[in-house]
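Okay, run.cif is below, mmCIF, C-alpha atoms and all ligand atoms:
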data_entry
#
loop_
_atom_site.label_atom_id
_atom_site.label_comp_id
_atom_site.auth_asym_id
_atom_site.auth_seq_id
_atom_site.Cartn_x
_atom_site.Cartn_y
_atom_site.Cartn_z
CA MET D 1 -2.74 -23.32 8.86
CA SER D 2 -3.99 -19.78 8.70
CA TYR D 3 -7.51 -19.01 7.50
CA GLU D 4 -9.31 -15.73 7.05
CA LEU D 5 -12.90 -15.90 8.18
CA SER D 6 -15.54 -13.26 7.58
CA ILE D 7 -18.02 -13.46 10.44
CA ASN D 8 -20.79 -10.93 10.95
CA GLY D 9 -18.92 -8.48 8.75
CA GLU D 10 -15.67 -8.74 10.73
CA LYS D 11 -12.46 -10.36 9.45
CA TYR D 12 -10.73 -12.89 11.67
CA ILE D 13 -7.40 -14.60 10.98
CA VAL D 14 -7.31 -17.96 12.74
CA ASP D 15 -4.44 -20.43 12.93
CA VAL D 16 -6.15 -23.82 13.16
CA ASP D 17 -6.24 -27.18 11.40
CA GLY D 18 -8.47 -27.01 8.33
CA ASP D 19 -10.55 -29.98 9.38
CA ILE D 20 -11.60 -28.52 12.73
CA PRO D 21 -15.36 -27.94 12.71
CA LEU D 22 -16.36 -24.34 12.14
CA LEU D 23 -18.36 -24.45 15.37
CA TRP D 24 -15.25 -24.81 17.54
CA VAL D 25 -13.50 -21.97 15.80
CA ILE D 26 -16.53 -19.71 16.20
CA ARG D 27 -16.98 -20.57 19.87
CA ASP D 28 -13.52 -21.32 21.22
CA THR D 29 -11.08 -19.46 18.98
CA ILE D 30 -13.17 -16.37 18.26
CA GLY D 31 -15.36 -16.40 21.35
CA LEU D 32 -18.81 -16.01 19.80
CA THR D 33 -20.70 -18.35 22.11
CA GLY D 34 -24.26 -17.71 20.94
CA THR D 35 -23.97 -20.69 18.60
CA LYS D 36 -24.45 -23.87 20.61
CA PHE D 37 -23.10 -27.41 20.59
CA GLY D 38 -25.73 -30.10 20.83
CA CYS D 39 -25.08 -33.42 19.14
CA GLY D 40 -21.96 -32.85 17.08
CA ILE D 41 -23.28 -35.04 14.25
CA ALA D 42 -25.61 -32.71 12.30
CA MET D 43 -28.75 -34.10 13.94
CA CYS D 44 -30.03 -31.36 16.26
CA GLY D 45 -29.48 -27.97 14.60
CA ALA D 46 -28.21 -26.21 17.73
CA CYS D 47 -25.06 -25.15 15.88
CA THR D 48 -26.79 -23.62 12.83
CA VAL D 49 -25.07 -20.63 11.23
CA HIS D 50 -25.35 -19.14 7.75
CA VAL D 51 -22.47 -19.57 5.31
CA ASP D 52 -23.00 -17.61 2.11
CA GLY D 53 -26.61 -17.14 3.22
CA VAL D 54 -27.25 -20.87 3.52
CA PRO D 55 -27.99 -22.47 6.89
CA VAL D 56 -25.32 -25.05 7.74
CA ARG D 57 -24.50 -27.27 10.70
CA ALA D 58 -21.29 -25.75 11.97
CA CYS D 59 -20.47 -28.88 14.01
CA VAL D 60 -19.72 -30.86 10.84
CA MET D 61 -18.43 -28.17 8.46
CA PRO D 62 -14.62 -28.06 8.32
CA VAL D 63 -13.39 -24.54 8.90
CA ALA D 64 -11.47 -24.74 5.62
CA ASP D 65 -14.79 -25.01 3.74
CA ALA D 66 -16.06 -21.79 5.31
CA ALA D 67 -12.98 -19.67 4.72
CA ALA D 68 -13.47 -16.67 2.44
CA LYS D 69 -17.27 -16.99 2.55
CA PRO D 70 -19.52 -14.65 4.52
CA ILE D 71 -20.64 -16.26 7.78
CA THR D 72 -23.50 -14.98 9.92
CA THR D 73 -24.14 -16.14 13.46
CA ILE D 74 -26.94 -15.49 15.93
CA GLU D 75 -25.03 -12.46 17.22
CA ALA D 76 -25.73 -10.60 13.96
CA ILE D 77 -28.82 -12.20 12.45
CA GLY D 78 -30.90 -9.32 13.84
CA GLU D 79 -29.15 -7.02 11.36
CA THR D 80 -30.90 -8.75 8.47
CA ALA D 81 -34.53 -7.92 7.69
CA GLU D 82 -35.71 -11.49 8.18
CA GLY D 83 -33.61 -11.99 11.29
CA ALA D 84 -34.99 -8.85 12.90
CA ARG D 85 -38.57 -9.91 12.22
CA VAL D 86 -37.93 -13.41 13.51
CA GLN D 87 -36.33 -12.17 16.72
CA LYS D 88 -39.19 -9.73 17.34
CA ALA D 89 -41.77 -12.48 16.75
CA TRP D 90 -39.84 -14.79 19.11
CA LEU D 91 -40.16 -12.17 21.84
CA ASP D 92 -43.78 -11.30 21.03
CA ILE D 93 -44.85 -14.95 21.29
CA ASP D 94 -42.42 -15.76 24.09
CA VAL D 95 -41.15 -18.83 22.26
CA VAL D 96 -38.19 -19.70 24.45
CA GLN D 97 -38.24 -22.20 27.29
CA CYS D 98 -34.71 -23.23 28.38
CA GLY D 99 -33.33 -21.43 25.32
CA TYR D 100 -30.54 -23.84 24.44
CA CYS D 101 -31.81 -24.72 20.96
CA GLN D 102 -33.14 -21.29 20.12
CA SER D 103 -30.21 -19.64 18.39
CA GLY D 104 -30.21 -22.53 15.93
CA GLN D 105 -33.98 -22.32 15.58
CA ILE D 106 -33.80 -18.60 14.81
CA MET D 107 -31.03 -19.09 12.25
CA SER D 108 -33.08 -21.75 10.45
CA ALA D 109 -36.24 -19.64 10.62
CA ALA D 110 -34.50 -16.54 9.24
CA ALA D 111 -33.08 -18.55 6.34
CA LEU D 112 -36.52 -20.02 5.66
CA LEU D 113 -38.14 -16.59 5.42
CA ALA D 114 -35.33 -15.26 3.23
CA ALA D 115 -35.99 -18.09 0.77
CA ASN D 116 -39.77 -18.33 1.21
CA PRO D 117 -41.47 -15.19 2.57
CA SER D 118 -44.88 -16.87 3.01
CA PRO D 119 -44.27 -20.44 4.19
CA THR D 120 -47.13 -22.87 4.76
CA ASP D 121 -47.28 -25.11 7.82
CA ASP D 122 -45.79 -27.90 5.72
CA ASP D 123 -42.98 -25.62 4.51
CA ILE D 124 -42.22 -24.63 8.09
CA ASP D 125 -42.31 -28.21 9.36
CA ALA D 126 -40.07 -29.43 6.52
CA VAL D 127 -37.40 -26.79 7.08
CA MET D 128 -37.52 -26.77 10.87
CA ALA D 129 -37.57 -30.56 11.27
CA GLY D 130 -33.79 -30.57 11.58
CA ASN D 131 -33.85 -28.33 14.65
CA ILE D 132 -34.61 -30.32 17.77
CA CYS D 133 -36.07 -28.70 20.89
CA ARG D 134 -35.97 -30.84 24.01
CA CYS D 135 -38.44 -28.44 25.64
CA GLY D 136 -41.02 -28.94 22.89
CA THR D 137 -41.50 -25.33 21.84
CA TYR D 138 -42.48 -26.36 18.31
CA PRO D 139 -46.03 -24.90 18.32
CA ARG D 140 -44.72 -21.50 19.43
CA ILE D 141 -41.88 -21.66 16.91
CA ARG D 142 -44.37 -22.26 14.10
CA ALA D 143 -46.61 -19.43 15.33
CA ALA D 144 -43.65 -17.06 15.58
CA ILE D 145 -42.50 -17.86 12.04
CA LYS D 146 -46.01 -17.11 10.77
CA LEU D 147 -46.07 -13.85 12.71
CA ALA D 148 -42.67 -12.88 11.30
CA ALA D 149 -43.86 -13.74 7.79
CA ALA D 150 -47.00 -11.62 8.23
CA GLY D 151 -44.95 -8.66 9.41
CA ARG D 152 -42.92 -8.31 6.24
S1 LIG E 1 -24.50 -29.66 17.27
FE1 LIG E 1 -24.54 -29.44 15.13
S2 LIG E 1 -26.40 -30.33 14.52
FE2 LIG E 1 -26.25 -30.80 16.64
S1 LIG E 2 -36.11 -24.18 24.39
FE1 LIG E 2 -35.11 -25.76 25.53
S2 LIG E 2 -34.22 -27.03 24.02
FE2 LIG E 2 -35.49 -25.68 22.91
#
Now that the file is in, can you turn its structure into structure tokens?
Ligand code: FES
Ligand code: FES
Amino acid sequence: MSYELSINGEKYIVDVDGDIPLLWVIRDTIGLTGTKFGCGIAMCGACTVHVDGVPVRACVMPVADAAAKPITTIEAIGETAEGARVQKAWLDIDVVQCGYCQSGQIMSAAALLAANPSPTDDDIDAVMAGNICRCGTYPRIRAAIKLAAAGR
């Protein structure tokens, strides 16, 4: 079936089954590979994108559910105010180790700051708990989110 997707302000017509996860369409059909596959079962957060401004796990969202809604991926999150501040803070604090989880981390962090401009440690931990980092960059992630919040 044909679906029209709006990703990062661009329109894409894709001819795929409606129950294919959004992640595969973003990566394989459209070729935006910044969004990563980790677990495939909504447990790690590597595949986080925004659909209608809400962070979702693209590995378990059927593409049919995302059609006709604005989708933002890591490739364009820097064009939002929160995303730009988060990405700058990530660089300033040098958060990244291997980097695999980090696009999902940044997508979750940007959504957090859009909803809560001054998060406490508990707020940060609650929202970011769904994003797993095998390298253990959590302390730097928390510090970078606080830096991004302070820079608003
Ligand atoms: S790949 Fe989607 S949450 Fe792990
Ligand atoms: S930086 Fe390596 S998995 Fe998070």
Chain D near ligand LIG 2 (chain E) within 12 Å: what's each residue's closest atom pair and its distance in Å to one decimal, counting all atoms listed in the file, ordered by chain then ascending residue number, as a tab-separated table?
residue	atom	partner	partner_atom	distance
D:Lys36	CA	E:LIG2	S2	10.8
D:Phe37	CA	E:LIG2	S2	11.6
D:Gly38	CA	E:LIG2	S2	9.6
D:Cys44	CA	E:LIG2	S2	9.8
D:Gly45	CA	E:LIG2	FE2	10.5
D:Ala46	CA	E:LIG2	S2	8.7
D:Trp90	CA	E:LIG2	S1	11.4
D:Asp94	CA	E:LIG2	S1	10.5
D:Val95	CA	E:LIG2	S1	7.7
D:Val96	CA	E:LIG2	S1	4.9
D:Gln97	CA	E:LIG2	S1	4.1
D:Cys98	CA	E:LIG2	FE1	3.8
D:Gly99	CA	E:LIG2	S1	4.0
D:Tyr100	CA	E:LIG2	S2	4.9
D:Cys101	CA	E:LIG2	FE2	4.3
D:Gln102	CA	E:LIG2	FE2	5.7
D:Ser103	CA	E:LIG2	FE2	9.2
D:Gly104	CA	E:LIG2	FE2	9.3
D:Gln105	CA	E:LIG2	FE2	8.2
D:Ile106	CA	E:LIG2	FE2	10.9
D:Asn131	CA	E:LIG2	FE2	8.8
D:Ile132	CA	E:LIG2	FE2	7.0
D:Cys133	CA	E:LIG2	FE2	3.7
D:Arg134	CA	E:LIG2	S2	4.2
D:Cys135	CA	E:LIG2	FE1	4.3
D:Gly136	CA	E:LIG2	FE2	6.4
D:Thr137	CA	E:LIG2	S1	6.1
D:Tyr138	CA	E:LIG2	FE2	8.4
D:Pro139	CA	E:LIG2	FE2	11.5
D:Arg140	CA	E:LIG2	S1	10.3
D:Ile141	CA	E:LIG2	FE2	9.6
So which residues fall inside 12 Å of (-18.7, -25.0, 10.1) if we count all atoms listed in the file? Mind giving them as a PyMOL selection string? chain D and resi 5+7+18-27+35+37+40-42+47-52+54-67+69-73
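The residue that comes closest to Ile74 of chain D, out of D:Val127, D:Ala109, D:Ala144, D:Ala89 and on the basis of all atoms listed in the file, is D:Ala109.
The interatomic distance for the pair atom CA of Thr80 of chain D and atom CA of Ile30 of chain D works out to 21.6 Å.
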Correct to one decimal, the distance atom CA of Ser118 of chain D-atom CA of Val86 of chain D is 13.1 Å
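Here atom CA of Leu147 of chain D stands at a distance of 15.2 Å from atom CA of Ala111 of chain D.
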With all atoms listed in the file as the basis for distance, which of D:Asn8, D:Met43, D:Ala150, D:Glu82 is at the shortest distance from ligand LIG 1 (chain E)?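 Nearest candidate to ligand LIG 1 (chain E) out of D:Asn8, D:Met43, D:Ala150, D:Glu82: D:Met43.
Distance check against ligand LIG 1 (chain E) using all atoms listed in the file: of D:Ala84, D:Ile145, D:Cys39, D:Ile93, the minimum falls on D:Cys39.
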Selected residue, from D:Ser108, D:Pro117, D:Val14, D:Ala126, that lies nearest to ligand LIG 1 (chain E) when counting all atoms listed in the file: D:Ser108
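The smallest atom-to-atom distance between Asp122 of chain D and any of D:Arg142, D:Ser6, D:Met1, D:Gly53, using only C-alpha atoms, is found for D:Arg142.
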Around all the atoms of segment 103-109 of chain D listed in the file, with 3 Å of room on each side, what axis-aligned box do you get, giving centre and edge lengths in Å to one decimal, as lines of an AutoDock Vina configuration file?
center_x = -33.2
center_y = -20.6
center_z = 14.4
size_x = 12.0
size_y = 9.9
size_z = 13.9
Restricting the calculation to only C-alpha atoms: of D:Ile124, D:Ala129, D:Ala76, D:Lys88, which residue gets closest to Met107 of chain D? D:Ala76
